[in-house]
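Q: Dropping the structure in here first, questions after.
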Amino acid sequence: MDYIHLQSPKNWMNDPNGFIYYKGMYHMFYQHFPYAPVWGTMHWGHATSKDLVHWEHTDIAIYPSKHYDANGIFSGNALEKDGKLYLYYTGIRYPHMNPDNIHIPGNDILEACQALLISEDGISFDNQNGKQCILAPSTDDTLMSRANTRDPKVFEVNGIYYMILGSTENGEGKLIFFESENAIDFHFRASYQSRAFGSVLECPDLFELDGTYILLGAAMEYFDDGLANDAQEIYKLCSFEPKTCAFSWESESHFLDYGTDYYATQTTLDADGNRVLIGWMRMPQAKSDAKRGAWSGLMTILRTLSVKNGHLYSIPHKNIVSQFLVELSVEDVPGLIITGADDIQLFGTDESVTDFRLSVNLQEHTTIDIGGYLITYENNRITADRTAVYPVGNYRYQSTTPELKDGHHIDIYVSDSIIETYVNHGEYVISHIIYR
């Protein structure tokens, strides 16, 4: 069982998929290559939780079984309808096979369709008879790219079902709207493209929160600095009119997380109706332990979202916060050094000897050293530096927030492989994978 952070049971994990509260249980599906700790032919792994804290991995839910998804089950979402669980995903086929590695597309060419698997109970998944292709691969790249249209998000408004897809045209990311009356037969409504969506828009999510529509998306080739992982998870405040699919967005893009490992997010409503968020953390190399063997990929803490003064805030879910009740002192944590901070509070959990939460009020030139991971506060900005706890390579080692507006407080959640820093109760977040 995974505690606090859902991570790969073995081998490879990436995007969270089909995140939903269904029949009293949270279901999290995820991109999974079960044969090695590297990206390959995607399956949907499956984990469940009663509380968003403890996660139990189950059997693989969806795997390649049809001509149209023979080479991969790419990302998508889940919807409850008539008591059944509708799982939408992108089916992938390779028109040209790679003779040296069947898990990598030949000539880097994909053929993408949108597919649906309906589960009666969220436990059993009929990969032979329960699937259907609901949007065939595009024959018109000006409508949507045949290779790079993917990651359906289906949601319902006033009895009508809307599907949004991420795509690309002429080097610009694209958002495409489809509509359906029965959640199966979809027809095109509108599309919007912009370089602000990167070169390809992956994993789009659109929802209304506190009277404002929010678009989340993973924008490929967002950075142009020559470093690895040039894609970035962004959000924009939007307006959306469901009847016409009229859609507009603010010109400015914001980062959901300033650590730049964070990607391919999903949101859902929790049991109390709060909008909650999870994302995948990219790892440059696999780790290994006695329990899992070699593994790569984990998810962040579950976060609760809200909008305040035109800004999206994300804080750890209350069920996560409630785990950190064991009072600790700085001396209890090896390698922890704090200089120039006030009101230091330190908490552990009853279930982990390594996880802890550190809360401090910052002063100018505050420095926090967590076993070589450095957090500093200068000129009203937070900088996190993982140079000492990250592999050497063409990576981003430092991350800095914009100028703070809501104070100078941080809550830091530390685990073996990830450190998440929440600034001013969710004004900004910096999350980093670490190796130690």
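Residues are referred to by chain and number: the chain letter is A, B, ... according to the order shown in the structure tokens, the number counts from 1 in that chain, and ligands are numbered separately from 1 in the order shown.
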With a cut-off of 12 Å, could you pull out the residues of segment 72-140 of chain A touching segment 176-183 of chain A and give me the nearest pair of atoms for each, distance in Å to one decimal, using only C-alpha atoms, ordered by chain and ascending number, as JSON lines?

A:
```
{"residue": "A:Ala78", "atom": "CA", "partner": "A:Ala183", "partner_atom": "CA", "distance": 11.4}
{"residue": "A:Leu79", "atom": "CA", "partner": "A:Ala183", "partner_atom": "CA", "distance": 9.1}
{"residue": "A:Glu80", "atom": "CA", "partner": "A:Ala183", "partner_atom": "CA", "distance": 10.3}
{"residue": "A:Lys81", "atom": "CA", "partner": "A:Ala183", "partner_atom": "CA", "distance": 8.5}
{"residue": "A:Asp82", "atom": "CA", "partner": "A:Asn182", "partner_atom": "CA", "distance": 10.8}
{"residue": "A:Lys84", "atom": "CA", "partner": "A:Ala183", "partner_atom": "CA", "distance": 12.0}
{"residue": "A:Leu85", "atom": "CA", "partner": "A:Ala183", "partner_atom": "CA", "distance": 11.6}
{"residue": "A:Tyr86", "atom": "CA", "partner": "A:Ala183", "partner_atom": "CA", "distance": 8.7}
{"residue": "A:Leu87", "atom": "CA", "partner": "A:Ala183", "partner_atom": "CA", "distance": 10.8}
{"residue": "A:Tyr88", "atom": "CA", "partner": "A:Ala183", "partner_atom": "CA", "distance": 10.0}
{"residue": "A:Gln114", "atom": "CA", "partner": "A:Phe178", "partner_atom": "CA", "distance": 11.6}
{"residue": "A:Ala115", "atom": "CA", "partner": "A:Ala183", "partner_atom": "CA", "distance": 11.6}
{"residue": "A:Leu116", "atom": "CA", "partner": "A:Ala183", "partner_atom": "CA", "distance": 9.7}
{"residue": "A:Leu117", "atom": "CA", "partner": "A:Ala183", "partner_atom": "CA", "distance": 11.8}
{"residue": "A:Ile118", "atom": "CA", "partner": "A:Ala183", "partner_atom": "CA", "distance": 11.0}
{"residue": "A:Ile134", "atom": "CA", "partner": "A:Ala183", "partner_atom": "CA", "distance": 9.7}
{"residue": "A:Leu135", "atom": "CA", "partner": "A:Phe178", "partner_atom": "CA", "distance": 10.1}
```

Q: Would you put the residues from that selection into a file with all heavy atoms, as a CSV table (one decimal), in the first residue's frame?

A:
```
chain,number,residue,atom,x,y,z
A,78,ALA,N,-12.5,9.7,-16.5
A,78,ALA,CA,-13.6,8.8,-16.1
A,78,ALA,C,-14.8,9.7,-15.8
A,78,ALA,O,-14.7,10.8,-15.4
A,78,ALA,CB,-13.2,8.0,-14.8
A,79,LEU,N,-16.0,9.1,-16.1
A,79,LEU,CA,-17.3,9.7,-15.9
A,79,LEU,C,-18.2,8.7,-15.4
A,79,LEU,O,-18.3,7.5,-15.9
A,79,LEU,CB,-17.8,10.3,-17.2
A,79,LEU,CG,-19.1,10.9,-17.2
A,79,LEU,CD1,-19.1,12.3,-16.6
A,79,LEU,CD2,-19.6,11.0,-18.7
A,80,GLU,N,-19.0,9.0,-14.4
A,80,GLU,CA,-20.1,8.1,-13.9
A,80,GLU,C,-21.4,8.4,-14.7
A,80,GLU,O,-21.8,9.6,-14.7
A,80,GLU,CB,-20.3,8.2,-12.4
A,80,GLU,CG,-21.4,7.3,-11.9
A,80,GLU,CD,-21.6,7.3,-10.4
A,80,GLU,OE1,-20.9,8.1,-9.7
A,80,GLU,OE2,-22.5,6.6,-9.9
A,81,LYS,N,-22.0,7.4,-15.2
A,81,LYS,CA,-23.2,7.6,-16.0
A,81,LYS,C,-24.1,6.3,-15.8
A,81,LYS,O,-23.7,5.2,-16.0
A,81,LYS,CB,-23.0,7.8,-17.5
A,81,LYS,CG,-24.3,8.1,-18.3
A,81,LYS,CD,-23.9,8.4,-19.7
A,81,LYS,CE,-25.1,8.8,-20.5
A,81,LYS,NZ,-26.1,7.7,-20.6
A,82,ASP,N,-25.3,6.6,-15.3
A,82,ASP,CA,-26.3,5.5,-15.1
A,82,ASP,C,-25.7,4.4,-14.2
A,82,ASP,O,-25.9,3.2,-14.3
A,82,ASP,CB,-26.7,4.8,-16.4
A,82,ASP,CG,-27.4,5.9,-17.3
A,82,ASP,OD1,-28.0,6.8,-16.8
A,82,ASP,OD2,-27.2,5.7,-18.6
A,84,LYS,N,-22.7,3.4,-14.0
A,84,LYS,CA,-21.5,2.7,-14.6
A,84,LYS,C,-20.4,3.7,-14.7
A,84,LYS,O,-20.5,4.9,-14.7
A,84,LYS,CB,-21.9,2.2,-16.0
A,84,LYS,CG,-23.1,1.2,-16.0
A,84,LYS,CD,-23.4,0.8,-17.4
A,84,LYS,CE,-24.6,-0.2,-17.4
A,84,LYS,NZ,-25.0,-0.7,-18.8
A,85,LEU,N,-19.2,3.1,-14.9
A,85,LEU,CA,-18.0,3.9,-15.0
A,85,LEU,C,-17.6,3.9,-16.5
A,85,LEU,O,-17.2,2.9,-17.0
A,85,LEU,CB,-16.9,3.3,-14.1
A,85,LEU,CG,-15.6,4.2,-13.9
A,85,LEU,CD1,-16.0,5.5,-13.2
A,85,LEU,CD2,-14.6,3.5,-13.1
A,86,TYR,N,-17.6,5.1,-17.1
A,86,TYR,CA,-17.2,5.3,-18.4
A,86,TYR,C,-15.7,5.8,-18.4
A,86,TYR,O,-15.4,6.9,-17.9
A,86,TYR,CB,-18.1,6.4,-19.1
A,86,TYR,CG,-19.4,5.9,-19.6
A,86,TYR,CD1,-20.3,5.2,-18.7
A,86,TYR,CD2,-19.9,6.2,-20.8
A,86,TYR,CE1,-21.5,4.8,-19.1
A,86,TYR,CE2,-21.2,5.8,-21.3
A,86,TYR,CZ,-22.0,5.1,-20.4
A,86,TYR,OH,-23.2,4.7,-20.8
A,87,LEU,N,-14.9,5.0,-19.0
A,87,LEU,CA,-13.4,5.3,-19.1
A,87,LEU,C,-13.1,5.7,-20.5
A,87,LEU,O,-13.1,4.9,-21.4
A,87,LEU,CB,-12.6,4.1,-18.6
A,87,LEU,CG,-12.9,3.7,-17.2
A,87,LEU,CD1,-12.1,2.4,-16.9
A,87,LEU,CD2,-12.5,4.8,-16.2
A,88,TYR,N,-12.7,7.0,-20.7
A,88,TYR,CA,-12.3,7.5,-22.0
A,88,TYR,C,-10.8,7.6,-22.1
A,88,TYR,O,-10.1,8.0,-21.2
A,88,TYR,CB,-12.9,8.9,-22.2
A,88,TYR,CG,-14.4,9.0,-22.2
A,88,TYR,CD1,-15.1,9.3,-21.0
A,88,TYR,CD2,-15.2,8.9,-23.3
A,88,TYR,CE1,-16.5,9.3,-20.9
A,88,TYR,CE2,-16.6,8.9,-23.3
A,88,TYR,CZ,-17.2,9.2,-22.1
A,88,TYR,OH,-18.6,9.2,-22.0
A,114,GLN,N,-10.0,8.1,-30.3
A,114,GLN,CA,-10.5,8.2,-29.0
A,114,GLN,C,-11.5,7.1,-28.7
A,114,GLN,O,-12.3,6.7,-29.6
A,114,GLN,CB,-11.3,9.6,-28.8
A,114,GLN,CG,-10.5,10.8,-29.4
A,114,GLN,CD,-9.0,10.8,-28.9
A,114,GLN,OE1,-8.7,10.6,-27.7
A,114,GLN,NE2,-8.1,11.1,-29.8
A,115,ALA,N,-11.3,6.4,-27.6
A,115,ALA,CA,-12.0,5.2,-27.3
A,115,ALA,C,-12.6,5.2,-25.9
A,115,ALA,O,-12.3,6.1,-25.1
A,115,ALA,CB,-11.1,4.0,-27.4
A,116,LEU,N,-13.5,4.3,-25.7
A,116,LEU,CA,-14.3,4.2,-24.5
A,116,LEU,C,-14.4,2.8,-24.0
A,116,LEU,O,-14.7,1.8,-24.8
A,116,LEU,CB,-15.7,4.8,-24.7
A,116,LEU,CG,-16.8,4.5,-23.7
A,116,LEU,CD1,-16.4,5.2,-22.4
A,116,LEU,CD2,-18.1,5.0,-24.2
A,117,LEU,N,-14.2,2.5,-22.7
A,117,LEU,CA,-14.4,1.3,-22.1
A,117,LEU,C,-15.4,1.5,-21.0
A,117,LEU,O,-15.2,2.4,-20.1
A,117,LEU,CB,-13.2,0.6,-21.6
A,117,LEU,CG,-13.3,-0.8,-21.0
A,117,LEU,CD1,-12.0,-1.6,-21.1
A,117,LEU,CD2,-13.8,-0.8,-19.5
A,118,ILE,N,-16.5,0.8,-20.9
A,118,ILE,CA,-17.6,1.0,-19.9
A,118,ILE,C,-17.4,-0.2,-18.9
A,118,ILE,O,-17.5,-1.4,-19.3
A,118,ILE,CB,-19.0,1.0,-20.5
A,118,ILE,CG1,-19.1,2.2,-21.5
A,118,ILE,CG2,-20.0,1.1,-19.4
A,118,ILE,CD1,-20.4,2.3,-22.2
A,134,ILE,N,-14.8,5.6,-30.4
A,134,ILE,CA,-15.9,6.6,-30.6
A,134,ILE,C,-15.5,7.8,-31.4
A,134,ILE,O,-16.4,8.5,-31.9
A,134,ILE,CB,-16.4,7.1,-29.2
A,134,ILE,CG1,-15.2,7.7,-28.4
A,134,ILE,CG2,-17.1,6.0,-28.5
A,134,ILE,CD1,-15.7,8.3,-27.1
A,135,LEU,N,-14.2,8.0,-31.7
A,135,LEU,CA,-13.7,9.0,-32.6
A,135,LEU,C,-12.5,8.4,-33.4
A,135,LEU,O,-11.5,8.2,-32.8
A,135,LEU,CB,-13.3,10.3,-31.9
A,135,LEU,CG,-14.3,11.3,-31.4
A,135,LEU,CD1,-13.7,12.5,-30.7
A,135,LEU,CD2,-15.3,11.7,-32.5
```

Q: Please tabulate, as a tab-separated table, the residues of segment 317-398 of chain A that come within 10 Å of segment 43-52 of chain A, each with its closest pair of atoms and the distance in Å to one decimal, counting only C-alpha atoms and ordering rows by chain, then residue number upward.

A:
```
residue	atom	partner	partner_atom	distance
A:His317	CA	A:Leu52	CA	8.3
A:Lys318	CA	A:Leu52	CA	9.7
A:Asn319	CA	A:Asp51	CA	6.8
A:Ile320	CA	A:Leu52	CA	7.6
```

Q: Between A:Leu175, A:Val333, A:Leu346, A:Ile214, which has the minimum distance to Val307 of chain A (counting only C-alpha atoms)?

A: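 Closest to Val307 of chain A of all the choices is A:Ile214.
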
Q: Need the shell around Cys238 of chain A: protein/DNA/RNA residues with any atom at most 6 Å away, counting only C-alpha atoms. Skip same-chain ones fewer than 5 positions apart. Format as a ChimeraX atom specification?

A: /A:213-214,248-249

Q: Please produce a file of those selected residues containing N, CA, C and O atoms, as a CSV table (one decimal), in the first residue's frame.

A:
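Contents of out_0.csv, freshly written:
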```csv
chain,number,residue,atom,x,y,z
A,213,TYR,N,-14.1,29.8,-14.8
A,213,TYR,CA,-13.6,28.7,-15.5
A,213,TYR,C,-12.1,28.6,-15.5
A,213,TYR,O,-11.4,29.7,-15.7
A,214,ILE,N,-11.5,27.5,-15.3
A,214,ILE,CA,-10.1,27.3,-15.3
A,214,ILE,C,-9.7,26.2,-16.4
A,214,ILE,O,-10.4,25.2,-16.5
A,248,SER,N,-12.8,31.6,-24.5
A,248,SER,CA,-11.7,32.6,-24.6
A,248,SER,C,-10.9,32.5,-23.3
A,248,SER,O,-11.3,32.0,-22.3
A,249,TRP,N,-9.7,33.0,-23.3
A,249,TRP,CA,-8.7,32.8,-22.2
A,249,TRP,C,-7.9,34.1,-22.1
A,249,TRP,O,-7.6,34.8,-23.0
```

Q: Can you list every residue of segment 180-242 of chain A that has an atom at most 12 Å from segment 302-305 of chain A, with its nearest atom pair and the distance in Å to one decimal, using only C-alpha atoms, ordered by chain then number, as JSON lines?

A:
```
{"residue": "A:Phe207", "atom": "CA", "partner": "A:Leu305", "partner_atom": "CA", "distance": 11.3}
{"residue": "A:Glu208", "atom": "CA", "partner": "A:Leu305", "partner_atom": "CA", "distance": 11.1}
{"residue": "A:Leu209", "atom": "CA", "partner": "A:Leu305", "partner_atom": "CA", "distance": 8.2}
{"residue": "A:Asp210", "atom": "CA", "partner": "A:Leu305", "partner_atom": "CA", "distance": 9.7}
{"residue": "A:Ile214", "atom": "CA", "partner": "A:Leu305", "partner_atom": "CA", "distance": 10.6}
```

Q: Emit the selected residues as a PDB file, in the first residue's frame, including all heavy atoms.

A:
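Printed below is selection.pdb as written:
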```pdb
ATOM      1  N   PHE A 207     -12.865  23.287 -16.052  1.00  0.00           N
ATOM      2  CA  PHE A 207     -13.868  23.177 -15.004  1.00  0.00           C
ATOM      3  C   PHE A 207     -14.170  24.563 -14.451  1.00  0.00           C
ATOM      4  O   PHE A 207     -13.379  25.505 -14.593  1.00  0.00           O
ATOM      5  CB  PHE A 207     -13.388  22.258 -13.872  1.00  0.00           C
ATOM      6  CG  PHE A 207     -12.045  22.622 -13.300  1.00  0.00           C
ATOM      7  CD1 PHE A 207     -11.925  23.543 -12.270  1.00  0.00           C
ATOM      8  CD2 PHE A 207     -10.884  22.056 -13.816  1.00  0.00           C
ATOM      9  CE1 PHE A 207     -10.684  23.883 -11.750  1.00  0.00           C
ATOM     10  CE2 PHE A 207      -9.630  22.388 -13.312  1.00  0.00           C
ATOM     11  CZ  PHE A 207      -9.536  23.311 -12.273  1.00  0.00           C
ATOM     12  N   GLU A 208     -15.328  24.675 -13.828  1.00  0.00           N
ATOM     13  CA  GLU A 208     -15.727  25.924 -13.183  1.00  0.00           C
ATOM     14  C   GLU A 208     -15.441  25.828 -11.693  1.00  0.00           C
ATOM     15  O   GLU A 208     -15.754  24.831 -11.045  1.00  0.00           O
ATOM     16  CB  GLU A 208     -17.212  26.196 -13.415  1.00  0.00           C
ATOM     17  CG  GLU A 208     -17.652  27.582 -12.960  1.00  0.00           C
ATOM     18  CD  GLU A 208     -19.086  27.900 -13.318  1.00  0.00           C
ATOM     19  OE1 GLU A 208     -19.810  26.970 -13.739  1.00  0.00           O
ATOM     20  OE2 GLU A 208     -19.489  29.069 -13.175  1.00  0.00           O
ATOM     21  N   LEU A 209     -14.841  26.866 -11.147  1.00  0.00           N
ATOM     22  CA  LEU A 209     -14.453  26.889  -9.741  1.00  0.00           C
ATOM     23  C   LEU A 209     -14.641  28.292  -9.195  1.00  0.00           C
ATOM     24  O   LEU A 209     -14.074  29.249  -9.737  1.00  0.00           O
ATOM     25  CB  LEU A 209     -12.992  26.440  -9.594  1.00  0.00           C
ATOM     26  CG  LEU A 209     -12.417  26.385  -8.182  1.00  0.00           C
ATOM     27  CD1 LEU A 209     -13.151  25.347  -7.332  1.00  0.00           C
ATOM     28  CD2 LEU A 209     -10.924  26.073  -8.229  1.00  0.00           C
ATOM     29  N   ASP A 210     -15.444  28.423  -8.157  1.00  0.00           N
ATOM     30  CA  ASP A 210     -15.689  29.718  -7.525  1.00  0.00           C
ATOM     31  C   ASP A 210     -16.113  30.771  -8.548  1.00  0.00           C
ATOM     32  O   ASP A 210     -15.679  31.933  -8.507  1.00  0.00           O
ATOM     33  CB  ASP A 210     -14.436  30.190  -6.766  1.00  0.00           C
ATOM     34  CG  ASP A 210     -14.035  29.232  -5.651  1.00  0.00           C
ATOM     35  OD1 ASP A 210     -14.929  28.587  -5.079  1.00  0.00           O
ATOM     36  OD2 ASP A 210     -12.823  29.128  -5.356  1.00  0.00           O
ATOM     37  N   ILE A 214     -11.536  27.461 -15.336  1.00  0.00           N
ATOM     38  CA  ILE A 214     -10.088  27.261 -15.320  1.00  0.00           C
ATOM     39  C   ILE A 214      -9.732  26.222 -16.381  1.00  0.00           C
ATOM     40  O   ILE A 214     -10.359  25.159 -16.461  1.00  0.00           O
ATOM     41  CB  ILE A 214      -9.594  26.743 -13.949  1.00  0.00           C
ATOM     42  CG1 ILE A 214     -10.062  27.662 -12.812  1.00  0.00           C
ATOM     43  CG2 ILE A 214      -8.083  26.586 -13.950  1.00  0.00           C
ATOM     44  CD1 ILE A 214      -9.404  29.008 -12.790  1.00  0.00           C
TER      45      ILE A 214
END
```

Q: If you run DSSP over the backbone, which residues in segment 96-236 of chain A end up strand (DSSP E or B)? Put them as a PyMOL selection string.

A: chain A and resi 97+105+111-119+131-135+150-157+160-169+172-180+187-194+201-209+212-219+232-236

Q: Write a file of the selected residues as a short mmCIF file (atom, residue, chain, number, x, y, z; two decimals), in the first residue's frame, keeping C-alpha atoms.

A:
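This is the output file selection.cif:
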```
data_model
loop_
_atom_site.label_atom_id
_atom_site.label_comp_id
_atom_site.auth_asym_id
_atom_site.auth_seq_id
_atom_site.Cartn_x
_atom_site.Cartn_y
_atom_site.Cartn_z
CA MET A 97 6.69 -0.83 -36.40
CA PRO A 105 6.89 3.93 -32.68
CA GLU A 111 -2.11 7.13 -35.16
CA ALA A 112 -4.52 8.28 -32.45
CA CYS A 113 -8.22 7.60 -31.92
CA GLN A 114 -10.54 8.24 -28.98
CA ALA A 115 -12.01 5.18 -27.31
CA LEU A 116 -14.30 4.19 -24.47
CA LEU A 117 -14.44 1.26 -22.09
CA ILE A 118 -17.56 0.97 -19.91
CA SER A 119 -17.20 -0.83 -16.59
CA LYS A 131 -14.40 -1.23 -25.65
CA GLN A 132 -15.49 0.90 -28.57
CA CYS A 133 -13.76 3.46 -30.79
CA ILE A 134 -15.88 6.62 -30.58
CA LEU A 135 -13.71 9.02 -32.63
CA ARG A 150 -5.24 12.91 -27.43
CA ASP A 151 -6.20 12.85 -23.77
CA PRO A 152 -10.01 13.21 -23.77
CA LYS A 153 -11.68 14.97 -20.86
CA VAL A 154 -15.45 14.40 -20.85
CA PHE A 155 -17.75 16.38 -18.56
CA GLU A 156 -21.47 17.07 -18.34
CA VAL A 157 -23.26 20.45 -18.28
CA ILE A 160 -25.10 17.59 -22.44
CA TYR A 161 -21.71 15.87 -22.53
CA TYR A 162 -18.64 17.75 -23.73
CA MET A 163 -15.32 16.26 -24.73
CA ILE A 164 -12.19 18.38 -24.94
CA LEU A 165 -9.06 17.09 -26.65
CA GLY A 166 -5.53 18.41 -26.87
CA SER A 167 -4.01 18.68 -30.32
CA THR A 168 -1.76 20.77 -32.56
CA GLU A 169 -1.76 22.68 -35.85
CA GLU A 172 0.68 25.64 -32.05
CA GLY A 173 -1.19 23.84 -29.31
CA LYS A 174 -4.88 23.34 -29.94
CA LEU A 175 -7.98 22.73 -27.82
CA ILE A 176 -10.90 20.95 -29.53
CA PHE A 177 -14.52 20.71 -28.32
CA PHE A 178 -16.95 17.89 -29.12
CA GLU A 179 -20.53 17.44 -27.90
CA SER A 180 -22.82 14.46 -27.23
CA HIS A 187 -19.71 15.57 -32.94
CA PHE A 188 -17.32 18.47 -33.48
CA ARG A 189 -18.26 21.90 -32.12
CA ALA A 190 -15.23 24.22 -32.07
CA SER A 191 -11.46 24.49 -31.79
CA TYR A 192 -9.00 27.09 -30.56
CA GLN A 193 -5.25 27.24 -31.03
CA SER A 194 -2.45 29.38 -29.66
CA LEU A 201 -1.53 20.71 -25.76
CA GLU A 202 -1.64 17.54 -23.68
CA CYS A 203 -4.01 16.48 -20.89
CA PRO A 204 -6.43 19.44 -21.05
CA ASP A 205 -8.89 19.93 -18.17
CA LEU A 206 -11.66 22.54 -18.03
CA PHE A 207 -13.87 23.18 -15.00
CA GLU A 208 -15.73 25.92 -13.18
CA LEU A 209 -14.45 26.89 -9.74
CA THR A 212 -14.50 31.15 -12.82
CA TYR A 213 -13.60 28.65 -15.54
CA ILE A 214 -10.09 27.26 -15.32
CA LEU A 215 -8.17 25.56 -18.14
CA LEU A 216 -5.31 23.28 -17.13
CA GLY A 217 -2.99 21.90 -19.76
CA ALA A 218 0.41 20.37 -20.36
CA ALA A 219 2.08 22.55 -22.98
CA GLN A 232 5.26 22.66 -18.64
CA GLU A 233 1.94 22.39 -16.83
CA ILE A 234 0.07 25.70 -17.06
CA TYR A 235 -3.30 27.16 -16.21
CA LYS A 236 -5.36 30.03 -17.58
#
```

Q: Got a sec: who's within 12 Å of Asp2 of chain A, counting only C-alpha atoms, leaving out chain neighbours fewer than 3 positions off, as a short mmCIF file (atom, residue, chain, number, x, y, z; two decimals) with N, CA, C and O atoms, in the first residue's frame?

A:
```
data_model
loop_
_atom_site.label_atom_id
_atom_site.label_comp_id
_atom_site.auth_asym_id
_atom_site.auth_seq_id
_atom_site.Cartn_x
_atom_site.Cartn_y
_atom_site.Cartn_z
N HIS A 5 1.83 9.54 -1.00
CA HIS A 5 2.12 9.67 -2.42
C HIS A 5 1.87 8.34 -3.13
O HIS A 5 2.43 7.31 -2.76
N LEU A 6 1.04 8.37 -4.15
CA LEU A 6 0.86 7.21 -5.03
C LEU A 6 2.06 7.13 -5.96
O LEU A 6 2.42 8.13 -6.60
N GLN A 7 2.70 5.97 -6.02
CA GLN A 7 3.85 5.83 -6.90
C GLN A 7 3.80 4.50 -7.62
O GLN A 7 2.97 3.63 -7.31
N SER A 8 4.67 4.37 -8.60
CA SER A 8 4.65 3.18 -9.44
C SER A 8 4.80 1.92 -8.58
O SER A 8 5.67 1.85 -7.72
N PRO A 9 3.94 0.91 -8.82
CA PRO A 9 4.09 -0.34 -8.06
C PRO A 9 5.36 -1.10 -8.44
O PRO A 9 5.88 -1.88 -7.66
N ALA A 47 -5.37 2.05 -9.06
CA ALA A 47 -5.24 2.06 -7.61
C ALA A 47 -6.50 2.66 -7.01
O ALA A 47 -7.17 3.49 -7.64
N THR A 48 -6.84 2.26 -5.79
CA THR A 48 -8.04 2.76 -5.12
C THR A 48 -7.68 3.25 -3.73
O THR A 48 -6.69 2.83 -3.13
N SER A 49 -8.52 4.16 -3.23
CA SER A 49 -8.31 4.73 -1.91
C SER A 49 -9.64 5.12 -1.29
O SER A 49 -10.56 5.55 -2.00
N LEU A 52 -7.80 9.24 0.10
CA LEU A 52 -6.80 10.03 -0.64
C LEU A 52 -5.43 10.03 0.03
O LEU A 52 -4.55 10.78 -0.35
N VAL A 53 -5.27 9.16 1.01
CA VAL A 53 -4.00 9.05 1.74
C VAL A 53 -3.38 7.68 1.53
O VAL A 53 -2.20 7.56 1.24
N HIS A 54 -4.18 6.64 1.70
CA HIS A 54 -3.71 5.26 1.55
C HIS A 54 -4.21 4.72 0.21
O HIS A 54 -5.42 4.73 -0.06
N TRP A 55 -3.27 4.23 -0.61
CA TRP A 55 -3.60 3.77 -1.96
C TRP A 55 -3.23 2.31 -2.12
O TRP A 55 -2.10 1.90 -1.81
N GLU A 56 -4.18 1.53 -2.62
CA GLU A 56 -3.97 0.11 -2.86
C GLU A 56 -3.95 -0.14 -4.37
O GLU A 56 -4.94 0.12 -5.07
N HIS A 57 -2.83 -0.65 -4.88
CA HIS A 57 -2.75 -1.00 -6.29
C HIS A 57 -3.54 -2.27 -6.55
O HIS A 57 -3.50 -3.22 -5.77
N THR A 58 -4.26 -2.28 -7.68
CA THR A 58 -4.99 -3.47 -8.10
C THR A 58 -4.42 -3.95 -9.43
O THR A 58 -3.34 -3.53 -9.84
N LYS A 291 11.09 -3.39 -1.97
CA LYS A 291 9.66 -3.64 -2.12
C LYS A 291 9.23 -3.69 -3.58
O LYS A 291 8.48 -4.57 -3.99
N ARG A 292 9.71 -2.74 -4.40
CA ARG A 292 9.22 -2.58 -5.76
C ARG A 292 10.21 -3.03 -6.82
O ARG A 292 9.85 -3.16 -7.99
N LEU A 298 6.02 8.98 -9.72
CA LEU A 298 5.13 9.08 -8.57
C LEU A 298 4.28 10.32 -8.71
O LEU A 298 4.56 11.21 -9.51
N MET A 299 3.22 10.37 -7.91
CA MET A 299 2.29 11.48 -7.93
C MET A 299 2.51 12.38 -6.72
O MET A 299 3.03 11.96 -5.69
N ILE A 301 1.22 14.98 -3.58
CA ILE A 301 0.15 15.04 -2.60
C ILE A 301 -1.13 15.52 -3.28
O ILE A 301 -1.08 16.36 -4.18
N GLU A 351 2.77 6.81 10.67
CA GLU A 351 2.96 5.69 9.75
C GLU A 351 4.27 5.75 8.97
O GLU A 351 4.54 4.85 8.17
N SER A 352 5.05 6.78 9.15
CA SER A 352 6.30 6.91 8.38
C SER A 352 7.38 7.51 9.25
O SER A 352 7.13 8.44 10.03
#
```

Q: If you measure from atom CA of Thr400 of chain A to atom CA of Ser306 of chain A, what distance in Å do you get, rounded to one decimal?

A: 22.2 Å

Q: So what do you get for atom CA of His96 of chain A versus atom CA of Phe33 of chain A, distance-wise?

A: 20.3 Å

Q: With a distance cut-off of 12 Å and only C-alpha atoms, select the neighbouring residues of Ile418 of chain A, excluding the residue or stretch itself and same-chain residues fewer than 4 positions from it, and output the selection as a ChimeraX atom specification.

A: /A:4-7,259,261-262,280-283,297-301,354-356,370,373,386,389-390,412-414,430-436

Q: Would you list the contacts of Asn229 of chain A as JSON, numbers by chain, taking every protein, DNA or RNA residue within 10 Å and counting only C-alpha atoms, but skipping same-chain residues closer than 3 positions in sequence?

A: {"A": [220, 221, 222, 223, 226, 232, 260, 261, 263, 282, 283, 284, 394, 395, 396]}

Q: Please identify all polymer residues within 8 Å of Ser296 of chain A, counting only C-alpha atoms, omitting same-chain residues fewer than 2 positions from it, and present them as an MDAnalysis selection string.

A: chainID A and resid 8 10:13 37:38 283 285:287 294 298
